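Pasting run_37.cif here (mmCIF, C-alpha atoms):
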```cif
data_coords
#
loop_
_atom_site.label_atom_id
_atom_site.label_comp_id
_atom_site.auth_asym_id
_atom_site.auth_seq_id
_atom_site.Cartn_x
_atom_site.Cartn_y
_atom_site.Cartn_z
CA MET A 1 71.51 30.43 125.98
CA GLU A 2 71.71 32.83 128.92
CA HIS A 3 73.75 35.65 127.46
CA THR A 4 73.53 37.54 130.76
CA SER A 5 76.05 35.03 132.22
CA LEU A 6 78.70 36.33 129.85
CA LYS A 7 81.06 39.09 130.88
CA ALA A 8 81.59 41.65 128.15
CA LEU A 9 85.15 41.74 126.87
CA THR A 10 85.01 45.54 126.86
CA CYS A 11 84.53 45.52 130.65
CA ASP A 12 88.17 44.54 131.11
CA PRO A 13 90.37 46.85 128.98
CA ASP A 14 93.63 45.10 129.92
CA TYR A 15 92.32 41.68 128.96
CA TYR A 16 90.78 43.18 125.81
CA THR A 17 94.26 44.39 124.85
CA GLN A 18 95.66 40.86 125.28
CA THR A 19 92.98 39.32 123.12
CA PHE A 20 93.24 42.05 120.49
CA HIS A 21 96.96 41.55 120.01
CA ALA A 22 96.54 37.78 119.80
CA PHE A 23 94.03 38.45 117.03
CA ALA A 24 96.27 41.04 115.35
CA GLN A 25 99.17 38.59 115.26
CA ARG A 26 97.12 35.76 113.76
CA SER A 27 95.34 37.96 111.24
CA ALA A 28 98.40 39.86 110.04
CA LYS A 29 96.08 42.78 110.78
CA PHE A 30 98.65 45.52 110.67
CA GLN A 31 100.38 44.15 107.55
CA VAL A 32 97.03 44.05 105.72
CA LEU A 33 96.23 47.58 106.85
CA ALA A 34 99.70 48.75 105.83
CA THR A 35 99.22 47.30 102.34
CA TRP A 36 95.82 48.97 102.15
CA ARG A 37 97.37 52.23 103.37
CA ASP A 38 99.86 52.20 100.52
CA ARG A 39 97.34 51.07 97.89
CA VAL A 40 94.23 53.11 98.78
CA PHE A 41 95.07 55.64 101.47
CA SER A 42 97.72 57.33 99.33
CA GLN A 43 94.88 58.35 96.99
CA MET A 44 93.06 59.90 99.96
CA VAL A 45 96.17 61.94 100.79
CA ASP A 46 96.26 63.11 97.17
CA ARG A 47 92.70 64.37 97.66
CA LEU A 48 93.73 66.31 100.76
CA VAL A 49 96.64 67.88 98.87
CA GLU A 50 94.19 69.03 96.20
CA ARG A 51 92.11 70.91 98.78
CA PHE A 52 94.67 72.20 101.29
CA SER A 53 98.03 73.94 101.04
CA THR A 54 101.00 71.71 101.80
CA GLN A 55 101.99 74.38 104.35
CA THR A 56 98.91 73.43 106.40
CA THR A 57 99.20 71.86 109.83
CA VAL A 58 96.79 68.99 109.27
CA THR A 59 94.55 68.19 112.24
CA MET A 60 93.57 64.54 112.70
CA LEU A 61 91.10 62.81 115.01
CA GLY A 62 91.53 59.10 115.69
CA ILE A 63 88.63 57.29 117.35
CA GLY A 64 89.45 54.06 119.18
CA SER A 65 92.99 54.13 117.82
CA GLY A 66 94.19 51.29 120.04
CA SER A 67 97.95 50.90 120.29
CA GLY A 68 98.49 53.11 117.26
CA GLU A 69 100.06 50.78 114.71
CA MET A 70 97.75 51.92 111.94
CA ASP A 71 96.83 55.46 113.00
CA SER A 72 100.45 56.48 113.51
CA GLN A 73 101.31 55.31 110.00
CA ILE A 74 98.38 57.25 108.59
CA ALA A 75 99.68 60.34 110.38
CA ALA A 76 103.18 59.73 109.00
CA LYS A 77 101.86 59.36 105.47
CA ILE A 78 99.96 62.66 105.75
CA ARG A 79 102.98 64.37 107.34
CA ALA A 80 105.09 63.36 104.32
CA ARG A 81 102.92 65.66 102.18
CA PHE A 82 102.19 68.49 104.62
CA GLN A 83 104.16 70.82 106.86
CA ALA A 84 102.98 69.32 110.14
CA VAL A 85 100.29 67.13 111.70
CA ARG A 86 98.42 67.35 115.00
CA ASN A 87 96.89 63.97 115.82
CA VAL A 88 94.23 63.87 118.57
CA VAL A 89 93.68 60.27 119.69
CA LEU A 90 90.67 59.01 121.65
CA GLU A 91 91.25 55.58 123.21
CA PRO A 92 89.57 54.38 126.44
CA ALA A 93 92.04 51.57 127.25
CA ALA A 94 95.02 52.77 129.29
CA ARG A 95 97.20 49.81 128.29
CA GLN A 96 96.61 50.53 124.62
CA LEU A 97 97.66 54.14 125.11
CA ASP A 98 100.81 53.01 126.93
CA MET A 99 101.69 50.91 123.90
CA TYR A 100 100.93 53.85 121.62
CA ARG A 101 103.30 56.07 123.62
CA GLU A 102 106.01 53.42 123.41
CA LEU A 103 105.49 53.21 119.66
CA ILE A 104 105.93 56.98 119.33
CA ALA A 105 109.02 56.99 121.55
CA ASN A 106 110.64 54.30 119.41
CA GLY A 107 109.91 56.14 116.17
CA LYS A 108 110.97 59.71 116.84
CA GLU A 109 112.53 60.21 113.41
CA GLU A 110 109.60 58.60 111.61
CA PHE A 111 107.11 60.78 113.49
CA ALA A 112 109.01 64.07 113.30
CA GLY A 113 106.60 66.93 112.71
CA ILE A 114 103.65 65.08 114.26
CA ASP A 115 102.15 66.28 117.54
CA PHE A 116 100.36 63.34 119.19
CA ASP A 117 97.66 64.27 121.70
CA LEU A 118 96.71 60.96 123.34
CA ARG A 119 93.55 61.02 125.45
CA GLN A 120 92.10 58.20 127.53
CA GLU A 121 88.45 58.72 126.75
CA THR A 122 85.58 57.61 124.56
CA LEU A 123 84.02 59.54 121.70
CA GLU A 124 80.94 60.00 123.87
CA SER A 125 82.89 61.67 126.69
CA TYR A 126 84.74 63.80 124.14
CA ARG A 127 81.41 65.02 122.74
CA GLN A 128 80.05 65.72 126.22
CA LYS A 129 83.04 67.95 126.97
CA GLN A 130 82.44 69.84 123.74
CA LYS A 131 78.80 70.34 124.65
CA ALA A 132 79.77 71.66 128.09
CA THR A 133 82.29 74.14 126.68
CA GLY A 134 80.39 75.05 123.52
CA MET A 135 83.45 74.23 121.40
CA HIS A 136 83.41 72.04 118.31
CA PRO A 137 86.88 71.78 116.72
CA LYS A 138 87.19 70.88 113.05
CA TYR A 139 89.57 68.31 111.56
CA HIS A 140 91.10 67.73 108.16
CA PHE A 141 91.03 63.97 108.64
CA ILE A 142 89.04 61.67 110.95
CA SER A 143 89.45 57.90 111.26
CA ALA A 144 87.39 55.27 113.05
CA ILE A 145 89.01 51.92 112.27
CA HIS A 146 87.00 48.98 113.64
CA SER A 147 85.70 51.20 116.44
CA VAL A 148 82.02 51.93 115.71
CA TYR A 149 80.57 48.45 116.32
CA TYR A 150 78.96 49.23 119.68
CA LEU A 151 77.51 52.67 118.97
CA ASP A 152 73.83 52.94 119.84
CA ASP A 153 73.03 55.80 117.46
CA LEU A 154 75.22 55.33 114.43
CA LYS A 155 73.27 57.82 112.33
CA ASP A 156 73.85 60.59 114.88
CA THR A 157 77.54 59.72 115.22
CA ILE A 158 78.15 59.75 111.47
CA GLN A 159 76.46 63.14 111.19
CA TYR A 160 78.57 64.44 114.08
CA LEU A 161 81.80 63.19 112.48
CA HIS A 162 80.86 64.74 109.16
CA ASP A 163 80.08 68.03 110.90
CA SER A 164 83.51 67.83 112.56
CA LEU A 165 85.31 67.88 109.21
CA GLU A 166 86.79 70.96 107.63
CA GLU A 167 85.32 71.63 104.19
CA GLY A 168 87.32 69.32 101.95
CA GLY A 169 88.33 67.15 104.91
CA MET A 170 88.09 63.38 104.81
CA LEU A 171 86.47 60.69 106.96
CA LEU A 172 87.55 57.04 107.01
CA VAL A 173 85.41 54.42 108.78
CA ILE A 174 86.32 50.71 108.60
CA VAL A 175 83.98 47.88 109.65
CA LEU A 176 83.58 44.17 109.05
CA SER A 177 81.87 43.15 105.84
CA ASP A 178 78.41 41.70 106.42
CA THR A 179 79.33 38.83 104.09
CA SER A 180 82.42 37.83 106.10
CA GLY A 181 82.57 34.57 108.01
CA TRP A 182 83.00 36.48 111.24
CA TRP A 183 79.78 38.38 110.66
CA ARG A 184 77.94 35.16 109.76
CA LEU A 185 79.07 33.75 113.09
CA TRP A 186 77.77 36.77 114.95
CA GLN A 187 74.44 36.68 113.16
CA ARG A 188 73.84 32.99 113.79
CA TYR A 189 74.67 33.20 117.51
CA PHE A 190 73.44 36.72 118.20
CA LEU A 191 72.70 36.09 121.87
CA PHE A 192 76.31 35.61 122.83
CA LEU A 193 77.16 39.19 121.93
CA ASP A 194 77.74 41.49 124.89
CA THR A 195 75.42 44.14 123.50
CA GLY A 196 72.03 44.12 121.86
CA LYS A 197 73.35 45.97 118.82
CA TYR A 198 76.41 45.39 116.70
CA ASN A 199 77.04 47.53 113.64
CA CYS A 200 78.39 46.22 110.34
CA ARG A 201 78.68 47.43 106.72
CA ARG A 202 74.94 47.49 106.18
CA ASN A 203 74.30 49.66 109.25
CA LEU A 204 77.04 52.08 108.26
CA ARG A 205 75.78 52.35 104.70
CA ASP A 206 72.29 53.09 106.02
CA ALA A 207 73.65 55.77 108.37
CA PHE A 208 75.47 57.60 105.60
CA THR A 209 72.47 57.32 103.29
CA ALA A 210 70.04 58.57 105.95
CA ASN A 211 72.24 61.64 106.44
CA ALA A 212 72.52 62.19 102.66
CA ILE A 213 76.33 61.96 102.90
CA PRO A 214 77.94 60.65 99.68
CA PHE A 215 80.48 57.89 100.29
CA THR A 216 82.70 55.37 98.55
CA VAL A 217 83.19 51.80 99.80
CA VAL A 218 86.37 49.81 99.26
CA ARG A 219 86.40 46.09 100.17
CA GLN A 220 89.51 44.44 101.58
CA GLU A 221 89.96 40.67 101.76
CA SER A 222 91.36 39.44 105.05
CA GLY A 223 91.61 36.25 107.08
CA VAL A 224 92.57 35.27 110.60
CA ASP A 225 94.27 31.99 111.50
CA VAL A 226 91.96 30.48 114.14
CA THR A 227 93.58 27.02 114.14
CA SER A 228 94.63 27.35 117.77
CA CYS A 229 90.98 27.85 118.81
CA PHE A 230 90.43 24.15 118.12
CA ASP A 231 93.15 23.16 120.59
CA PRO A 232 91.61 23.08 124.08
CA GLU A 233 95.08 23.41 125.64
CA SER A 234 96.00 26.55 123.69
CA HIS A 235 96.14 29.79 125.68
CA GLU A 236 96.34 31.73 122.43
CA GLY A 237 93.26 29.88 121.18
CA ASN A 238 91.30 30.97 124.26
CA LEU A 239 92.38 34.58 123.72
CA LEU A 240 91.34 34.42 120.08
CA ILE A 241 87.91 32.94 120.71
CA ASP A 242 87.25 35.52 123.43
CA PHE A 243 88.12 38.32 121.02
CA ILE A 244 86.03 36.84 118.23
CA VAL A 245 82.90 36.56 120.40
CA HIS A 246 83.80 39.61 122.50
CA ALA A 247 83.23 37.80 125.79
CA HIS A 248 85.52 37.17 128.76
CA ASP A 249 86.32 33.46 129.34
CA PHE A 250 83.79 32.32 126.76
CA ARG A 251 84.91 28.68 126.99
CA GLY A 252 84.27 28.62 130.72
CA SER A 253 81.02 30.60 130.59
CA VAL A 254 78.82 28.57 128.25
CA ALA A 255 77.70 24.96 128.14
CA PRO A 256 80.31 22.66 126.52
CA GLU A 257 77.77 21.53 123.93
CA LEU A 258 77.07 25.10 122.83
CA TYR A 259 80.75 25.98 122.82
CA GLN A 260 81.48 23.04 120.53
CA GLU A 261 78.56 23.93 118.27
CA ILE A 262 79.86 27.47 117.85
CA LEU A 263 83.41 26.24 117.27
CA ASP A 264 82.19 23.77 114.62
CA TYR A 265 80.28 26.50 112.81
CA MET A 266 83.25 28.86 112.94
CA GLY A 267 85.37 26.17 111.30
CA SER A 268 82.78 25.32 108.66
CA ALA A 269 82.85 26.41 105.01
CA GLU A 270 80.21 29.04 105.89
CA CYS A 271 82.81 30.99 107.85
CA SER A 272 86.28 29.68 107.16
CA GLU A 273 88.66 28.11 104.70
CA ARG A 274 90.56 24.96 105.62
CA LYS A 275 94.03 24.61 104.12
CA ASP A 276 95.68 21.31 103.20
CA ASP A 277 98.05 21.67 106.15
CA GLY A 278 95.13 21.88 108.60
CA THR A 279 95.19 25.65 109.01
CA VAL A 280 91.74 27.19 109.54
CA LEU A 281 91.33 30.75 108.21
CA LEU A 282 88.26 32.65 109.40
CA ASN A 283 87.02 35.07 106.74
CA ASN A 284 87.65 38.54 108.14
CA ASP A 285 86.90 40.71 105.08
CA TRP A 286 86.21 44.37 105.85
CA ASN A 287 84.93 47.49 104.16
CA ALA A 288 86.36 51.01 104.22
CA PHE A 289 83.87 53.88 103.92
CA ILE A 290 85.53 57.01 102.54
CA VAL A 291 84.01 60.48 102.57
CA GLN A 292 85.33 63.86 101.46
CA LYS A 293 83.24 66.72 102.73
CA GLY A 294 81.86 68.78 99.90
CA LYS A 295 82.52 66.05 97.34
CA GLY A 296 80.45 63.24 95.86
CA GLN A 297 81.67 59.67 95.61
CA ILE A 298 85.46 59.41 95.35
#
```

Can you dump the structure from the file as structure tokens?
Amino acid sequence: MEHTSLKALTCDPDYYTQTFHAFAQRSAKFQVLATWRDRVFSQMVDRLVERFSTQTTVTMLGIGSGSGEMDSQIAAKIRARFQAVRNVVLEPAARQLDMYRELIANGKEEFAGIDFDLRQETLESYRQKQKATGMHPKYHFISAIHSVYYLDDLKDTIQYLHDSLEEGGMLLVIVLSDTSGWWRLWQRYFLFLDTGKYNCRRNLRDAFTANAIPFTVVRQESGVDVTSCFDPESHEGNLLIDFIVHAHDFRGSVAPELYQEILDYMGSAECSERKDDGTVLLNNDWNAFIVQKGKGQI
């Protein structure tokens, strides 16, 4: 397969946003994250309260925060325990930031006491600006939720993020599990990826270990309804498959035989569960890596 004929999904931020929200809707992404926030993240906030006065203005850094559905709720949960929160957000897609701003505007009471600093930039450009100015701000909490997949030097990035924490501060990084059906699909058809490297749980674990940073991993079961991908007339199905393979117009860019082969594998028991009603659920399990600076495993 000539992977060079594929256009990377990340090259078109507006289209990426469309595909992402099609995926989010069919995966109940934000509901799953909200449940996880209440079940696991509340314990992380307890850890912050143990280390910092509740009169502290907590500084947060969100990397690739998208349209803010999860990061804003994290900020609100921290704000409920502390005097105030300043949330710096790095997101390269302008459309995603517009949606984030709309979310904030519609939740003024919920987000009272939170100063959102939304920046259209990547982590790399943010680091370059720091290098140019000689400044390296510290944060009480840093999150990178499904946003480290494309990083070339994961070890260096993890060390940088750890260095950016206040002593006692916490880092949360979420990635796909390397036993999920989605990851199996990527591994089997590696050439269709729009980059030569794609990080998963194993890569992240190795990066933390190489930097001698203690961490805890929490696994979260998740699934995405990909039934519409098997309907050639479904616009939503096309959006979903493009997001899953991270390529623009994947159906129209590869040979029909290969497209069907990939679709068949995605729908197989290796990757998905088929319900009695015909629904196909792609295994989308993910892992949360949790670090508290100056602490061992949590």

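Proximity ranking of A:Arg26, A:His248, A:Lys129, A:His136 relative to Thr227 (chain A) places A:Arg26 first, based on only C-alpha atoms.
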
**Item:** Resolved residues for the PyMOL selection byres ((chain A and resi 165) around 6) as JSON, numbers by chain
**Value:** {"A": [138, 139, 140, 162, 163, 164, 166, 169]}

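CA of Arg47 (chain A) to CA of Glu124 (chain A) spans 29.1 Å [interatomic distance, one decimal].
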
With the cut-off set at 9 Å and counting only C-alpha atoms, tabulate each residue of region 3-100 of chain A with an atom at most that distance from an atom of region 147-161 of chain A, showing the nearest atom pair and its distance in Å to one decimal, ordered by chain and increasing number, as JSON lines.
```
{"residue": "A:Ile63", "atom": "CA", "partner": "A:Ser147", "partner_atom": "CA", "distance": 6.8}
{"residue": "A:Gly64", "atom": "CA", "partner": "A:Ser147", "partner_atom": "CA", "distance": 5.5}
{"residue": "A:Ser65", "atom": "CA", "partner": "A:Ser147", "partner_atom": "CA", "distance": 8.0}
```

**Prompt:** Quick one, how far is CA of Leu123 (chain A) from CA of Pro92 (chain A)?
**Reply:** 8.9 Å

**Asked** Can you find the residues with an atom no farther than 9 Å from (83.7, 36.2, 118.0), counting all atoms listed in the file, and report them as a ChimeraX atom specification?
**Response** /A:182-183,185-186,192-193,240-247,266

**Prompt:** Suppose you want the space between CA of Asp115 (chain A) and CA of Thr57 (chain A); what is it in Å?
**Reply:** 10.0 Å

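Distances here use only C-alpha atoms; by that measure, the residue among A:Leu176, A:Glu110, A:Met60, A:Ser228 closest to Ile145 (chain A) is A:Leu176.
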
Centre and edges of the region 211-223 of chain A box, axis-aligned, 6 Å extra per side, as lines of an AutoDock Vina configuration file:
```
center_x = 81.9
center_y = 49.2
center_z = 102.8
size_x = 31.4
size_y = 37.9
size_z = 20.5
```
